[in-house]
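Okay, so here's the structure we're looking at.
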Amino acid sequence: MTHDFGLHFTLELGNGFGSPPDSWPASAEQVTPFFAIVVSVLGTDGAAQWFEAARRAHQHVVTAEQNRDHHFGFAHHLDVETEAHQELTLPVVAAFEATKALYEVARRDAAVDVDVFFECALRACSRSSGLPAGSPGAAAVTA
């Protein structure tokens with residue numbers, strides 16, 4: 001499953017950033033293994049839900065930064081959005097830590113918004129689950 005996700009994620013990065021891969025943001029290579037960890041421990045359906053929650057957490061951070069509001073950072077928002085604190089299993093902890101790591105790497109790359117990576121990961125999960133990205137079933141995977 002992780003192998004398929006890696007291939008599909010690479011294809012989606014190509015769709016998002018074009019060819020050749022050396023024109024992609026520098027962080028693309030570094031974040032890929034972290035996305036794969038999340039899929040490996042949660043499965044494609046669980047990872048898709050996780051990535052949607054991570055997008056919402058990122059949006060909280062962006063909105064707070066734009067409004068110059070106080071916030072507790074991405075990790076706090078990720079915990080709230082995923083409800084990770086409700087179920088501290090090894091897979092959840094692994095997914096949480098991998099997501100924090102990929103977020104930190106991507107946020108330090110001025111050439112890309114981390115949301116683009118989350119979008120590519122969501123489309124890759126849809127591909128990996130065997131659902132076309134635009135199908136009604138694919139929407140359920142990303143909800």
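So you can find residues: chains in the structure tokens are A, B, ... in the order shown, residues in each start at 1, and ligands are numbered from 1 in order.
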
Every residue of segment 22-99 of chain A that DSSP places in helix (DSSP H, G or I), as a PyMOL selection string: chain A and resi 22-23+27-67+74-82+84-86+90-99

Could you list, with a cut-off of 12 Å and counting only C-alpha atoms, the residues of segment 85-132 of chain A near segment 16-25 of chain A, each shown with its nearest atom pair and the distance in Å rounded to one decimal, rows sorted by chain and ascending number, as a Markdown table?
```
| residue | atom | partner | partner_atom | distance |
| --- | --- | --- | --- | --- |
| A:Val105 | CA | A:Pro25 | CA | 11.2 |
| A:Ala106 | CA | A:Pro25 | CA | 9.1 |
| A:Arg107 | CA | A:Pro25 | CA | 11.5 |
| A:Arg108 | CA | A:Pro25 | CA | 11.0 |
| A:Asp109 | CA | A:Pro25 | CA | 7.4 |
| A:Ala110 | CA | A:Pro25 | CA | 8.7 |
| A:Ala111 | CA | A:Pro25 | CA | 5.9 |
| A:Val112 | CA | A:Pro25 | CA | 6.4 |
| A:Asp113 | CA | A:Pro25 | CA | 9.9 |
| A:Val114 | CA | A:Pro25 | CA | 10.7 |
| A:Asp115 | CA | A:Gly16 | CA | 11.4 |
| A:Val116 | CA | A:Gly16 | CA | 7.6 |
| A:Phe117 | CA | A:Gly16 | CA | 8.8 |
| A:Phe118 | CA | A:Gly16 | CA | 11.2 |
| A:Glu119 | CA | A:Gly16 | CA | 9.0 |
| A:Cys120 | CA | A:Gly16 | CA | 7.2 |
| A:Ala121 | CA | A:Gly16 | CA | 10.9 |
| A:Arg123 | CA | A:Gly16 | CA | 10.6 |
| A:Ala124 | CA | A:Gly16 | CA | 11.7 |
```

Within 10 Å of Phe96 of chain A using only C-alpha atoms, minus same-chain residues under 2 positions, as a ChimeraX atom specification: /A:37-38,50,54,75,78-79,82,84,88,90-94,98-101

To one decimal place in Å, what is the distance between atom CA of Arg55 of chain A and atom CA of Leu11 of chain A? 20.2 Å

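The shortest atom-to-atom distance to Thr32 of chain A, with only C-alpha atoms taken into account, belongs to A:Thr10 out of A:Cys125, A:Thr10, A:Arg56, A:Arg68.
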
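Each of A:Ser27, A:Thr89, A:Asn15, A:Thr63 was compared to Val41 of chain A using only C-alpha atoms, and A:Thr89 turns out to be the nearest.
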